[in-house]
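Asker: Take a look at the following structure, please.
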Amino acid sequence: MAGLLTIKDIEKCVGCGLCMYACARRKVRKPFIGHDHSGILAVSLSGFERGATIIVCKACPDPPCSQVCPTSALIPRKGGGVVYREKLCTGCDNCIEACTIGAIFKRRDGKVALCIHCGYCASYCPHGVIEYISTKQKVSEKQEVIK
Amino acid sequence: MNSGFADRKYILNIDLSSYSYSVEERDDLSEQIGGTGLAVELMKENLKPSADPLSEENVIVFAIGPFTPAYPLASKTVAMFKSPLTGNLGESHAGGRSATSIANAGYDAIVIRGRSEKPVYIVVDNERVHFRDARVLWGIEDSLITGRIIAEREKGRGIRSIMRIGGAGERLVRFAGVMTETYRHFGRLGLGAVFGSKKLKAIVIIGRGSREPLDAKKYREVYDEIFRIATTSDAMKKYHLIGTPVNVAPLNELRALPTRNLESGFFEMTEEISGEAFAENNLARRIACNHCPTACIHIAALKEVYEDEPYFFKTIMISYDYELIYSLGSMLGVGERDGILKLIHRVETYGLDAMSTGVVLSWATEALKKRVITEKDTIIPLDFGDYKGYLKAIDYIYLQPNEFYRNLALGVEKAAEIYGGEEYALSFGGNEMAGYHTGEAAYIGYLIGLRHSHLDNAGYSIDQKLRERLPPEELIDLLVKEEIWRQILSSLVVCFFARGVYTPEVVSKAFEPFGVEISEEELIKRGERIYREKLKLKTNLGYRADKLRIPEKIFNIESFRGKLNKNYISEALSYYRRKYLSI
Ligand code: SF4
Ligand code: SF4
Ligand code: SF4
């Protein structure tokens, strides 16, 4: 079942970046220390006096990032967002330009990092800001709102 | 770069006199661990003991440890320099994003030397260093605005630290600090003035990076264990909820909350200014240092109506802590929360150290009462409780419009040397006191603590835990033992609030995924070595614990165990000298 990383209550974000470091650690065999491979970024809102937030892929159903990718390194993912086929990525940065919310990050090796909606980070947010849900759930909640 | 755990350390050397920099790779520094241990070593290598703290000869070291950013709560940066306040070693710790930015940029330490001809700020962008013109920024007295301007101009949102000074640092107030991420400070011992003397307005550190552990599986396991202890056990709870101000009421209860320049340890308006009262009425938000699950930074919203225009409001966000409520509250007799918040905000604006500012002003108030100084000196009347007067006085500490304020800006030790009133000038080793009149252990702790900080050895907590006075020798050994363990924590740059999480066992385990085997005993041994080396460095700079001035006033008022015993303190210090200073 494909899942989605979603925002539960962004106002509660304290900007600690635990999610960001978790994302870098997400691969069982190749966890990274640091944030260069992280698909999520914790920032202050122009200074911590105005609070904090995270920047992360919102799983577009019709993702512009994938449309501008010349090598099909980014292909639409069932349930929203994209699948990142790293090997194909030439580091052209087109996708970085295309993502309106700036949720694709440049890695130091030239490739990119972005959220693949694996859900690993969700259990490391100490403040209940993010949540991992099934794609179905997202659809049904939306419908309820519409009703 | 930044190998972190292996035997290699990367030191970024920046020379402000020649606007040049170089990176040094060292394989002989692993014994020092990082943070405090590493900074002591780099100070020894780079600082001439006779250096004038405000000359180009002074050196600033920023050092982080091997656990940053591998584990949560290893979030501090240790700054070391020669202190313009005490003339001895200056060491100050701050969190925010400072440590993780340095780590992700690939460095274990940054050493800054020399002095720029004109105002500059430095941008460290991973392997590159840029020297930027700061002539336009110079003179902007508000550290918050300086931070905002630089944030707009520079890249690296979310992965950078902006350490900057306000007007107090520019004007060389000896207890000016360096602010980072708005609410965190290298507050104590005058790093801000050292920045100012070097014409250094700010340092931006942009770090993007990652490294891999040797044992991937083990690393994720140990991480999860530390994360679990930090978030589910009681180890950090105290800091979670009400934050450090939770101590205001109980310390007052114990007659240990320094009030009106230590006229008493009891403040009758405590109910108004307790941690509970702030949380109930003012707390608006909490934020965290980078990679810390606790989010202990408590921020109050102060809503103020414009003086001359009704229905026009401004809302300022102000971070508060126990130490600030003590130094700008009870110590100045200010029992209004709004008043305290305004004072904190003013101090933050100019980039002053709050504790020193409070103690300097409480001394001035008593000195004025006792006619040691006059209103001609202070320009305005200073009265305990009158926060508006103190707001003005803080402006004057920054502006230094007359000789008196120029002297006050040197710190309370110097000011009292000049004017008198030394009996009630509440500094230890030249550093204005922290807010604990708990008993002898606290004061002995301020004297022998190598930063003269209550956090060096937690004497205040020993006072509260022990029913009976220990024999002085035992107390000294206990204080030193605690300080030795804390050398390890501050070399790993683990936040002291997380000391319940990072037990020797956990620390030793946390090294394993990086191929470093280090037993608990070996850890203590390294702590002892770092302690000894730091003491040696301090001694070379002229430190003599048993020669320090003890303000008579601390003996005049009751603590919860009655009056403090002078003989006990001098016996303890003479034992300290025999056992530790002669090595
Ligand atoms: S990376 Fe940006 S553009 Fe692509 S799916 Fe996510 S939010 Fe949409
Ligand atoms: S859901 Fe997975 S890929 Fe997305 S930010 Fe979290 S850990 Fe990273
Ligand atoms: S872990 Fe949670 S609180 Fe911390 S930055 Fe991420 S979303 Fe915000």
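As shown in the structure tokens, the chain order sets the letters A, B, ...; within each chain, residues go from 1, and ligands are also counted from 1 in the order they appear.
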Provide as a PyMOL selection string the residues of chain B at most 9 Å from chain A, counting only C-alpha atoms.

Answerer: chain B and resi 68-72+100+103-104+144+147-148+151-152+157-159+181-183+208-213+216-217+219-220+227+231+285-295+299+316-319

Asker: Hey, which bits of chain A sit within 6 Å of ligand 2, and for each residue what's the closest pair of atoms and how far apart in Å (one decimal), counting only C-alpha atoms and all ligand atoms, rows by chain and increasing number, as a tab-separated table?

Answerer:
residue	atom	partner	partner_atom_place_in_ligand_line	distance
A:Leu5	CA	ligand 2	1 (S)	5.1
A:Cys23	CA	ligand 2	7 (S)	3.6
A:Arg26	CA	ligand 2	7 (S)	5.8
A:Gly39	CA	ligand 2	5 (S)	4.9
A:Ile40	CA	ligand 2	5 (S)	4.8
A:Cys115	CA	ligand 2	4 (Fe)	3.5
A:Ile116	CA	ligand 2	3 (S)	4.1
A:His117	CA	ligand 2	1 (S)	3.8
A:Cys118	CA	ligand 2	2 (Fe)	3.9
A:Gly119	CA	ligand 2	1 (S)	3.7
A:Tyr120	CA	ligand 2	7 (S)	4.3
A:Cys121	CA	ligand 2	7 (S)	4.1

Asker: Residues of region 74-144 of chain A in strand (DSSP E or B) according to DSSP, as a PyMOL selection string?

Answerer: chain A and resi 74-76+82-84+105-106+112-113+130-134

Asker: Quick one: residues within 6 Å of ligand 1, with only C-alpha atoms and all ligand atoms, as a list of chain:residue names?

Answerer: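 Using only C-alpha atoms and all ligand atoms, I find these residues within 6 Å of ligand 1: A:Cys57, A:Lys58, A:Ala59, A:Cys60, A:Pro63, A:Pro64, A:Cys65, A:Gly81, A:Val82, A:Cys99, A:Ala103, A:Ile104.
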
Asker: For region 109-114 of chain B, list every protein, DNA or RNA residue within 8 Å, evaluated using only C-alpha atoms, and leave out those in the same chain fewer than 2 positions away; present the list as a list in words.

Answerer: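 Counting only C-alpha atoms, the residues come to Tyr10, Ile11, Leu12, Asn13, Ile14, Asp15, Leu16, Ser17, Ser18, Leu38, Ala39, Leu42, Glu56, Glu57, Asn58, Val59, Ile60, Val61, Phe62, Ala63, Ile64, Ile102, Tyr107, Ser116 and Lys198 of chain B.
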
Asker: Please produce a file of those selected residues containing N, CA and C atoms, as a PDB file, in the first residue's frame.

Answerer:
ATOM      1  N   TYR B  10      39.324  18.412  11.114  1.00  0.00           N
ATOM      2  CA  TYR B  10      39.496  19.480  10.128  1.00  0.00           C
ATOM      3  C   TYR B  10      39.306  20.835  10.800  1.00  0.00           C
ATOM      4  N   ILE B  11      40.350  21.619  10.707  1.00  0.00           N
ATOM      5  CA  ILE B  11      40.339  22.919  11.365  1.00  0.00           C
ATOM      6  C   ILE B  11      40.369  24.001  10.281  1.00  0.00           C
ATOM      7  N   LEU B  12      39.393  24.887  10.338  1.00  0.00           N
ATOM      8  CA  LEU B  12      39.384  26.014   9.410  1.00  0.00           C
ATOM      9  C   LEU B  12      40.033  27.211  10.101  1.00  0.00           C
ATOM     10  N   ASN B  13      41.110  27.692   9.522  1.00  0.00           N
ATOM     11  CA  ASN B  13      41.814  28.856  10.075  1.00  0.00           C
ATOM     12  C   ASN B  13      41.469  30.088   9.265  1.00  0.00           C
ATOM     13  N   ILE B  14      40.999  31.109   9.946  1.00  0.00           N
ATOM     14  CA  ILE B  14      40.635  32.341   9.248  1.00  0.00           C
ATOM     15  C   ILE B  14      41.464  33.482   9.827  1.00  0.00           C
ATOM     16  N   ASP B  15      42.110  34.213   8.948  1.00  0.00           N
ATOM     17  CA  ASP B  15      42.908  35.347   9.407  1.00  0.00           C
ATOM     18  C   ASP B  15      42.284  36.653   8.920  1.00  0.00           C
ATOM     19  N   LEU B  16      41.794  37.442   9.867  1.00  0.00           N
ATOM     20  CA  LEU B  16      41.114  38.685   9.505  1.00  0.00           C
ATOM     21  C   LEU B  16      42.081  39.778   9.092  1.00  0.00           C
ATOM     22  N   SER B  17      43.331  39.663   9.517  1.00  0.00           N
ATOM     23  CA  SER B  17      44.295  40.708   9.152  1.00  0.00           C
ATOM     24  C   SER B  17      44.665  40.626   7.679  1.00  0.00           C
ATOM     25  N   SER B  18      44.704  39.397   7.154  1.00  0.00           N
ATOM     26  CA  SER B  18      45.118  39.258   5.754  1.00  0.00           C
ATOM     27  C   SER B  18      43.970  38.787   4.867  1.00  0.00           C
ATOM     28  N   LEU B  38      39.047  20.047  22.449  1.00  0.00           N
ATOM     29  CA  LEU B  38      39.702  20.501  21.225  1.00  0.00           C
ATOM     30  C   LEU B  38      40.016  21.995  21.301  1.00  0.00           C
ATOM     31  N   ALA B  39      39.073  22.762  21.831  1.00  0.00           N
ATOM     32  CA  ALA B  39      39.266  24.212  21.914  1.00  0.00           C
ATOM     33  C   ALA B  39      40.430  24.558  22.841  1.00  0.00           C
ATOM     34  N   LEU B  42      43.572  24.020  20.904  1.00  0.00           N
ATOM     35  CA  LEU B  42      43.803  25.034  19.868  1.00  0.00           C
ATOM     36  C   LEU B  42      44.139  26.394  20.483  1.00  0.00           C
ATOM     37  N   GLU B  56      44.522  42.459  18.175  1.00  0.00           N
ATOM     38  CA  GLU B  56      44.519  41.462  17.094  1.00  0.00           C
ATOM     39  C   GLU B  56      45.168  40.168  17.537  1.00  0.00           C
ATOM     40  N   GLU B  57      45.823  40.189  18.687  1.00  0.00           N
ATOM     41  CA  GLU B  57      46.475  38.963  19.162  1.00  0.00           C
ATOM     42  C   GLU B  57      45.498  37.947  19.726  1.00  0.00           C
ATOM     43  N   ASN B  58      44.315  38.409  20.098  1.00  0.00           N
ATOM     44  CA  ASN B  58      43.364  37.444  20.654  1.00  0.00           C
ATOM     45  C   ASN B  58      42.888  36.494  19.556  1.00  0.00           C
ATOM     46  N   VAL B  59      42.508  35.317  19.991  1.00  0.00           N
ATOM     47  CA  VAL B  59      42.104  34.253  19.072  1.00  0.00           C
ATOM     48  C   VAL B  59      40.723  33.762  19.505  1.00  0.00           C
ATOM     49  N   ILE B  60      39.880  33.454  18.532  1.00  0.00           N
ATOM     50  CA  ILE B  60      38.571  32.874  18.850  1.00  0.00           C
ATOM     51  C   ILE B  60      38.533  31.464  18.269  1.00  0.00           C
ATOM     52  N   VAL B  61      38.146  30.520  19.095  1.00  0.00           N
ATOM     53  CA  VAL B  61      37.986  29.152  18.598  1.00  0.00           C
ATOM     54  C   VAL B  61      36.523  28.751  18.742  1.00  0.00           C
ATOM     55  N   PHE B  62      35.955  28.214  17.687  1.00  0.00           N
ATOM     56  CA  PHE B  62      34.649  27.561  17.781  1.00  0.00           C
ATOM     57  C   PHE B  62      34.882  26.073  17.549  1.00  0.00           C
ATOM     58  N   ALA B  63      34.430  25.247  18.464  1.00  0.00           N
ATOM     59  CA  ALA B  63      34.679  23.813  18.289  1.00  0.00           C
ATOM     60  C   ALA B  63      33.424  22.995  18.547  1.00  0.00           C
ATOM     61  N   ILE B  64      33.261  21.949  17.767  1.00  0.00           N
ATOM     62  CA  ILE B  64      32.132  21.040  17.954  1.00  0.00           C
ATOM     63  C   ILE B  64      32.663  19.619  18.169  1.00  0.00           C
ATOM     64  N   ILE B 102      28.388  23.963  11.487  1.00  0.00           N
ATOM     65  CA  ILE B 102      29.843  23.762  11.417  1.00  0.00           C
ATOM     66  C   ILE B 102      30.133  22.318  11.006  1.00  0.00           C
ATOM     67  N   TYR B 107      33.695  20.855   9.263  1.00  0.00           N
ATOM     68  CA  TYR B 107      34.774  21.226  10.170  1.00  0.00           C
ATOM     69  C   TYR B 107      34.528  20.723  11.591  1.00  0.00           C
ATOM     70  N   SER B 116      40.338  42.885  11.407  1.00  0.00           N
ATOM     71  CA  SER B 116      40.096  43.523  10.125  1.00  0.00           C
ATOM     72  C   SER B 116      40.285  45.030  10.263  1.00  0.00           C
ATOM     73  N   LYS B 198      37.669  43.041  16.710  1.00  0.00           N
ATOM     74  CA  LYS B 198      38.201  42.541  15.441  1.00  0.00           C
ATOM     75  C   LYS B 198      37.437  43.113  14.249  1.00  0.00           C
TER      76      LYS B 198
END

Asker: Which of chain A end up as alpha helix (DSSP H) when DSSP is run on this backbone - answer as number ranges by chain?

Answerer: A: 18-25, 64-67, 94-98, 135-146

Asker: Which polymer residues have any atom within 10 Å of an atom of region 555-567 of chain B, counting only C-alpha atoms, with same-chain residues fewer than 3 positions away left out, as an NGL selection string?

Answerer: :B and (251-257 or 262-266 or 437-441 or 443 or 463-464 or 467-469 or 472 or 550-552 or 570-573)

Asker: Mind checking which residues fall within 10 Å of Glu141 (chain B), counting only C-alpha atoms, ignoring those fewer than 5 positions away in the same chain, and posting them as a compact mmCIF listing (two decimals) with N, CA, C and O atoms, in the first residue's frame?

Answerer:
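result27.txt was written with the following content:
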# COMPACT_ATOMS: atom_id res chain seq x y z
N THR B 146 20.23 43.08 12.49
CA THR B 146 21.45 42.64 11.80
C THR B 146 21.25 41.22 11.27
O THR B 146 21.58 40.92 10.12
N ILE B 165 26.86 40.22 16.35
CA ILE B 165 26.86 41.07 17.54
C ILE B 165 25.90 42.23 17.35
O ILE B 165 25.54 42.60 16.22
N GLY B 166 25.48 42.78 18.46
CA GLY B 166 24.71 44.01 18.42
C GLY B 166 25.63 45.18 18.75
O GLY B 166 26.86 45.06 18.72
N GLY B 167 25.01 46.30 19.11
CA GLY B 167 25.80 47.51 19.38
C GLY B 167 26.75 47.35 20.55
O GLY B 167 27.83 47.96 20.57
N ALA B 168 26.38 46.55 21.53
CA ALA B 168 27.23 46.41 22.72
C ALA B 168 28.59 45.81 22.35
O ALA B 168 29.61 46.22 22.90
N GLY B 169 28.58 44.85 21.44
CA GLY B 169 29.84 44.27 21.00
C GLY B 169 30.69 45.27 20.24
O GLY B 169 31.88 45.39 20.46
N GLU B 170 30.03 46.04 19.37
CA GLU B 170 30.76 47.07 18.62
C GLU B 170 31.43 48.06 19.56
O GLU B 170 32.54 48.50 19.35
N ARG B 171 30.69 48.42 20.62
CA ARG B 171 31.23 49.41 21.55
C ARG B 171 32.02 48.78 22.68
O ARG B 171 32.26 49.41 23.70
N THR B 349 18.52 43.04 22.18
CA THR B 349 18.71 43.98 21.09
C THR B 349 20.17 44.41 20.98
O THR B 349 20.79 44.29 19.93
N TYR B 350 20.73 44.87 22.08
CA TYR B 350 22.11 45.36 22.04
C TYR B 350 23.12 44.23 22.03
O TYR B 350 24.30 44.44 21.81
N GLY B 351 22.65 43.03 22.33
CA GLY B 351 23.58 41.90 22.39
C GLY B 351 24.44 41.94 23.64
O GLY B 351 25.65 41.80 23.59
N TYR B 398 25.12 50.66 26.73
CA TYR B 398 25.50 50.55 25.32
C TYR B 398 26.14 51.84 24.81
O TYR B 398 27.21 51.84 24.22
N LEU B 399 25.49 52.99 25.12
CA LEU B 399 25.97 54.26 24.57
C LEU B 399 27.20 54.81 25.29
O LEU B 399 27.98 55.56 24.72
